[in-house]
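> Have a look at this one.
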Amino acid sequence: MKTARYSTSRQKSCLRCSAAKAKCDRKTGRCTRCTQRDLSCIYRPFGGPLVAAHGMDETRVDIASSAITLPSVTDRPLTHSHDGLRSQLDMVSPVDESASPVGEISPIGNPSMAHEGFTEVSPILDGMSPQARSPDTADFSSILSQELICPIDVEAISNRWLSTFIPIAGQQNKEYPAAITAFIYRMLKSYAVVTIRGRAAPPFVHATQTALASITPPLSTCLTIVRMCENPLPGSQRTAVDVLQREMSRLYNQHRSYHRLQLLGAFQAYLIYSMVLFFKLNPGSTSVLRQAMMSLQVLASASSRQGLMCAAEQQNARPRWEAWIVAEANRRTLFTMYLFDSLLSAQDGLPIFLGTELHGLPAPGGRALWRATGKSEWEQAYNLLLSDSAETLRIDELWPIPPDMDELTIAGRRHRVDRWLESVDEFGTMLYAVTSCTHGG
């Protein structure tokens with residue numbers, strides 16, 4: 001009898017209302033809340049398959065652990081048809097962005113991934129009220145516009161694709177040794193695959209971005225959708241490509257309406273989708289990826305305009321944790337995009353150019369800063385950084401040594417690089433390996 005009572009209790013709300021902890025009136029066809037938000041109204045009797053009350057012709061859909069996972073839904077066998085796959089993804093996207101931040105992912109992070117430089121993905125349940133935040137929890141809503149600055153020309157980022165076809169003043173060609181091209185390929189592929197497997201987020205996504213209190217729909221939706229690409233069924237790969245391209249188009253078309261953290265998440269999500277297409281799904285045409293890269297550079301420019309550096313960083317002072325997270329995640333995502341762009345150019349036999357427009361940006365922050373689990377821990381690490389070094393290493397200090405640089409300046413630069421290497425995480429080490437083996441110095 002206990003099972004019967006529990007089965008009845010699970011049917012009092014549709015999945016959307018249940019995830020948002022909102023009252024559901026269970027109206028025939030579609031509940032009032034889903035109707036107001038133009039969402040699919042989905043019910044799941046305990047122990048049975050999902051039933052969509054609207055928008056799917058009462059289709060019964062089964063969900064597999066190897067595909068995507070919806071909130072509060074246990075894994076079920078996968079419907080093998082293309083239409084079934086499309087219907088599953090229609091439940092996830094577009095996301096109800098008007099509601100409180102409700103997570104769309106459920107994989108539990110693997111603690112071992114922390115040793116490999118990846119961000120552990122926490123289980124996402126529901127939005128956290130401001131009262132539930134601890135003093136050590138990141139509060140991105142408190143970031144002030146004057147805390148973040150953009151010290152570079154972001155238009156050069158959005159127009160970077162033109163450099164392949166039109167000579168631009170100041171362009172510097174670079175050539176990757178074959179071993180470095182292979183190294184970049186393997187590293188970026190690992191970023192895509194670990195995200196597909198749902199074990200962790202790539203090392204340009206900060207842990208607080210996937211935390212309960214701050215995850216935003218562009219990123220949470222991405223971390224859900226790419227799960228279907230782990231073990232694509234025969235014949236379903238084309239559908240998966242279509243789904244990712246549809247979501248990428250939606251992100252690009254809506255990015256102007258996003259606030260700062262959503263825009264960063266959209267930039268990161270678009271990069272993840274692009275890498276999944278390249279490394280896992282093989283869309284069948286390099287033009288698809290080239291077009292994606294053009295759109296990605298526009299998103300990168302828009303996100304960078306919101307802030308690539310903290311004003312306090314520029315003054316060699318300690319910024320606020322939340323502002324630093326946004327700036328650092330933006331920079332890491334930007335550096336990864338440039339590596340991916342270079343890899344695509346190398347694969348297509350196109351010239352590769354040094355990202356001179358990034359001159360002056362800080363190099364990736366240290367392990368203790370990036371992996372700090374709370375504000376107090378991060379502040380202590382940053383205070384130690386300030387006491388050890390008066391200057392932050394710039395990304396251009398990892399590039400070729402200018403021919404007119406004197407020996408004393410070269411020695412000082414190498415000393416700063418050495419101090420930086422003492423504290424970097426795996427992402428910084430990877431970046432140093434690429435630049436050192438390509439440029440020397």
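Chains: A, B, ... in order of the structure tokens. Residues: from 1 per chain. Ligands: from 1, in order shown.
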If we count only C-alpha atoms and set the cut-off at 7 Å, which residues sit around Ser304 (chain A), ignoring sequence neighbours fewer than 5 positions away in its own chain? Please answer as a PDB file with N, CA and C atoms, in the first residue's frame.

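To be explicit, this is the file written out as selection-v7.pdb:
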```pdb
ATOM      1  N   CYS A 150      37.530  46.110 -19.927  1.00  0.00           N
ATOM      2  CA  CYS A 150      38.015  45.418 -21.119  1.00  0.00           C
ATOM      3  C   CYS A 150      39.157  46.236 -21.711  1.00  0.00           C
ATOM      4  N   VAL A 154      37.964  44.648 -28.653  1.00  0.00           N
ATOM      5  CA  VAL A 154      37.176  43.421 -28.837  1.00  0.00           C
ATOM      6  C   VAL A 154      36.701  43.257 -30.276  1.00  0.00           C
ATOM      7  N   ASN A 330      36.298  34.138 -18.386  1.00  0.00           N
ATOM      8  CA  ASN A 330      36.222  34.735 -19.726  1.00  0.00           C
ATOM      9  C   ASN A 330      37.561  34.621 -20.446  1.00  0.00           C
TER      10      ASN A 330
END
```
> Gln171 (chain A): which residues within 10 Å, counting only C-alpha atoms, same-chain residues fewer than 4 positions away excluded, as a PyMOL selection string?
chain A and resi 163+167+352-357
> Would you export the selected residues with N, CA and C atoms as a PDB file, in the first residue's frame, please?

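So part22.pdb came out as:
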```
ATOM      1  N   SER A 163      41.269  37.694 -41.003  1.00  0.00           N
ATOM      2  CA  SER A 163      42.722  37.714 -41.189  1.00  0.00           C
ATOM      3  C   SER A 163      43.194  36.612 -42.130  1.00  0.00           C
ATOM      4  N   PRO A 167      44.952  40.681 -45.551  1.00  0.00           N
ATOM      5  CA  PRO A 167      46.122  41.054 -44.734  1.00  0.00           C
ATOM      6  C   PRO A 167      45.787  42.230 -43.818  1.00  0.00           C
ATOM      7  N   ILE A 352      48.136  30.522 -39.760  1.00  0.00           N
ATOM      8  CA  ILE A 352      47.785  30.730 -38.361  1.00  0.00           C
ATOM      9  C   ILE A 352      48.456  32.020 -37.891  1.00  0.00           C
ATOM     10  N   PHE A 353      47.695  32.843 -37.191  1.00  0.00           N
ATOM     11  CA  PHE A 353      48.212  34.137 -36.770  1.00  0.00           C
ATOM     12  C   PHE A 353      48.223  34.255 -35.247  1.00  0.00           C
ATOM     13  N   LEU A 354      49.236  34.918 -34.748  1.00  0.00           N
ATOM     14  CA  LEU A 354      49.337  35.195 -33.320  1.00  0.00           C
ATOM     15  C   LEU A 354      48.197  36.135 -32.905  1.00  0.00           C
ATOM     16  N   GLY A 355      47.606  35.872 -31.752  1.00  0.00           N
ATOM     17  CA  GLY A 355      46.490  36.688 -31.286  1.00  0.00           C
ATOM     18  C   GLY A 355      46.955  37.973 -30.642  1.00  0.00           C
ATOM     19  N   THR A 356      47.574  38.848 -31.438  1.00  0.00           N
ATOM     20  CA  THR A 356      48.168  40.071 -30.904  1.00  0.00           C
ATOM     21  C   THR A 356      47.143  40.985 -30.236  1.00  0.00           C
ATOM     22  N   GLU A 357      45.857  40.817 -30.599  1.00  0.00           N
ATOM     23  CA  GLU A 357      44.824  41.651 -29.977  1.00  0.00           C
ATOM     24  C   GLU A 357      44.629  41.337 -28.498  1.00  0.00           C
TER      25      GLU A 357
END
```
> Near region 338-342 of chain A, within 10 Å and counting only C-alpha atoms, which residues show up once chain neighbours fewer than 3 positions away are dropped, as a PyMOL selection string?
chain A and resi 157+160-161+174-176+181+184-185+188-189+271+274-275+278+289-290+293-294+296-297+332-335+345-348+350-355+431+434
> Go ahead and save the residues from that selection, with N, CA and C atoms, as a compact mmCIF listing (two decimals), in the first residue's frame.

```
# COMPACT_ATOMS: atom_id res chain seq x y z
N ILE A 157 38.60 40.76 -32.09
CA ILE A 157 38.23 39.37 -31.82
C ILE A 157 37.13 38.93 -32.78
N ARG A 160 38.41 38.39 -36.32
CA ARG A 160 39.63 37.59 -36.46
C ARG A 160 39.58 36.68 -37.69
N TRP A 161 38.41 36.18 -38.02
CA TRP A 161 38.29 35.26 -39.15
C TRP A 161 38.70 35.92 -40.47
N LYS A 174 52.41 32.38 -37.28
CA LYS A 174 53.08 31.40 -36.42
C LYS A 174 52.86 30.02 -37.03
N GLU A 175 53.77 29.13 -36.78
CA GLU A 175 53.67 27.77 -37.30
C GLU A 175 53.82 26.80 -36.15
N TYR A 176 52.81 25.96 -35.99
CA TYR A 176 52.89 24.93 -34.96
C TYR A 176 53.69 23.74 -35.48
N THR A 181 50.60 20.54 -32.81
CA THR A 181 49.24 20.44 -33.36
C THR A 181 48.54 19.21 -32.81
N ILE A 184 47.66 19.86 -29.08
CA ILE A 184 46.47 20.70 -28.93
C ILE A 184 45.21 19.89 -29.24
N TYR A 185 45.28 19.09 -30.29
CA TYR A 185 44.13 18.25 -30.67
C TYR A 185 43.72 17.35 -29.51
N LEU A 188 42.30 19.50 -26.37
CA LEU A 188 40.96 20.05 -26.57
C LEU A 188 39.92 18.94 -26.71
N LYS A 189 40.32 17.84 -27.31
CA LYS A 189 39.40 16.70 -27.39
C LYS A 189 39.03 16.21 -26.00
N LEU A 271 31.25 27.37 -27.50
CA LEU A 271 32.57 26.76 -27.71
C LEU A 271 32.50 25.26 -27.47
N SER A 274 30.79 23.59 -30.38
CA SER A 274 31.67 23.56 -31.56
C SER A 274 32.71 22.45 -31.44
N MET A 275 33.28 22.29 -30.24
CA MET A 275 34.29 21.25 -30.05
C MET A 275 33.67 19.86 -30.10
N PHE A 278 33.24 18.98 -33.71
CA PHE A 278 34.50 18.66 -34.37
C PHE A 278 35.09 17.33 -33.90
N LEU A 289 31.96 24.17 -39.52
CA LEU A 289 32.77 24.60 -38.39
C LEU A 289 33.33 26.00 -38.61
N ARG A 290 33.65 26.34 -39.84
CA ARG A 290 34.15 27.69 -40.12
C ARG A 290 33.07 28.72 -39.85
N MET A 293 32.75 29.07 -36.18
CA MET A 293 33.85 29.85 -35.60
C MET A 293 33.60 31.35 -35.78
N MET A 294 33.03 31.75 -36.91
CA MET A 294 32.72 33.16 -37.12
C MET A 294 31.71 33.65 -36.08
N LEU A 296 31.12 32.19 -33.20
CA LEU A 296 31.75 32.07 -31.89
C LEU A 296 32.60 33.30 -31.58
N GLN A 297 33.28 33.84 -32.57
CA GLN A 297 34.10 35.02 -32.35
C GLN A 297 33.26 36.26 -32.05
N ARG A 332 40.06 32.46 -19.86
CA ARG A 332 40.37 31.06 -20.16
C ARG A 332 39.57 30.56 -21.36
N THR A 333 38.30 30.94 -21.42
CA THR A 333 37.47 30.53 -22.55
C THR A 333 38.00 31.15 -23.84
N LEU A 334 38.43 32.40 -23.75
CA LEU A 334 38.99 33.10 -24.91
C LEU A 334 40.28 32.42 -25.38
N PHE A 335 41.18 32.09 -24.45
CA PHE A 335 42.42 31.42 -24.83
C PHE A 335 42.13 30.07 -25.48
N SER A 345 42.46 25.93 -38.36
CA SER A 345 43.25 26.48 -39.46
C SER A 345 44.36 25.52 -39.88
N ALA A 346 45.03 24.91 -38.89
CA ALA A 346 46.09 23.95 -39.20
C ALA A 346 45.53 22.75 -39.94
N GLN A 347 44.35 22.26 -39.53
CA GLN A 347 43.73 21.12 -40.18
C GLN A 347 43.36 21.44 -41.63
N ASP A 348 42.97 22.69 -41.89
CA ASP A 348 42.56 23.10 -43.24
C ASP A 348 43.72 23.62 -44.08
N LEU A 350 45.39 26.36 -43.55
CA LEU A 350 45.31 27.81 -43.63
C LEU A 350 46.38 28.44 -42.73
N PRO A 351 46.78 29.67 -43.00
CA PRO A 351 47.77 30.33 -42.14
C PRO A 351 47.23 30.55 -40.73
N ILE A 352 48.14 30.52 -39.76
CA ILE A 352 47.78 30.73 -38.36
C ILE A 352 48.46 32.02 -37.89
N PHE A 353 47.69 32.84 -37.19
CA PHE A 353 48.21 34.14 -36.77
C PHE A 353 48.22 34.25 -35.25
N LEU A 354 49.24 34.92 -34.75
CA LEU A 354 49.34 35.19 -33.32
C LEU A 354 48.20 36.13 -32.90
N GLY A 355 47.61 35.87 -31.75
CA GLY A 355 46.49 36.69 -31.29
C GLY A 355 46.96 37.97 -30.64
N LEU A 431 48.96 25.54 -21.69
CA LEU A 431 49.17 26.75 -22.47
C LEU A 431 50.67 27.07 -22.59
N VAL A 434 52.35 24.73 -25.14
CA VAL A 434 52.10 25.15 -26.53
C VAL A 434 52.95 26.34 -26.91
```
> Hey, what's within 7 Å of Leu244 (chain A) if we count only C-alpha atoms and toss same-chain stuff fewer than 4 positions away? As a ChimeraX atom specification, please?
/A:240,248,273
> In Å, rounded to a single decimal, give me how far CA of Leu263 (chain A) is from CA of Asp139 (chain A).
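Going from CA of Asp139 (chain A) over to CA of Leu263 (chain A) covers 16.5 Å.
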> Closest to Leu148 (chain A) among A:Arg250, A:Arg16, A:Arg305, A:Arg414, using only C-alpha atoms?
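The answer is A:Arg305, which sits nearest to Leu148 (chain A).
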> Which one of A:Ile152, A:Met187, A:Cys34, A:Cys17 sits closest to Thr429 (chain A) if you count only C-alpha atoms?
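Result for the nearest residue to Thr429 (chain A): A:Met187.
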> Would you kindly return, as a list in words, each protein, DNA or RNA residue with an atom no farther than 10 Å from any atom of Ala312 (chain A), considering only C-alpha atoms and excluding same-chain residues fewer than 4 positions away?
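Answer for this query is Glu147, Leu148, Ile149, Asn316, Ala317, Arg318, Pro319, Arg320, Ala323 and Trp324 of chain A.
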> Rounded to one decimal place, report the CA of Arg416 (chain A)-CA of Glu313 (chain A) distance in Å.
16.3 Å
> When distances are computed from only C-alpha atoms, which of A:Trp321, A:Thr221, A:Glu426, A:Thr35 shows the smallest separation from Pro202 (chain A)?
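Between A:Trp321, A:Thr221, A:Glu426, A:Thr35, the residue approaching Pro202 (chain A) most closely is A:Glu426.
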> Determine which residues of region 162-365 of chain A DSSP labels as alpha helix (DSSP H) from the backbone of this structure, then write them out as number ranges by chain.
A: 178-196, 217-225, 237-254, 260-276, 286-305, 311-314, 321-348
> For the atom pair CA of Thr438 (chain A) and CA of Ser190 (chain A), what is the interatomic distance in Å to one decimal place?
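Interatomic distance, CA of Thr438 (chain A) to CA of Ser190 (chain A): 21.1 Å.
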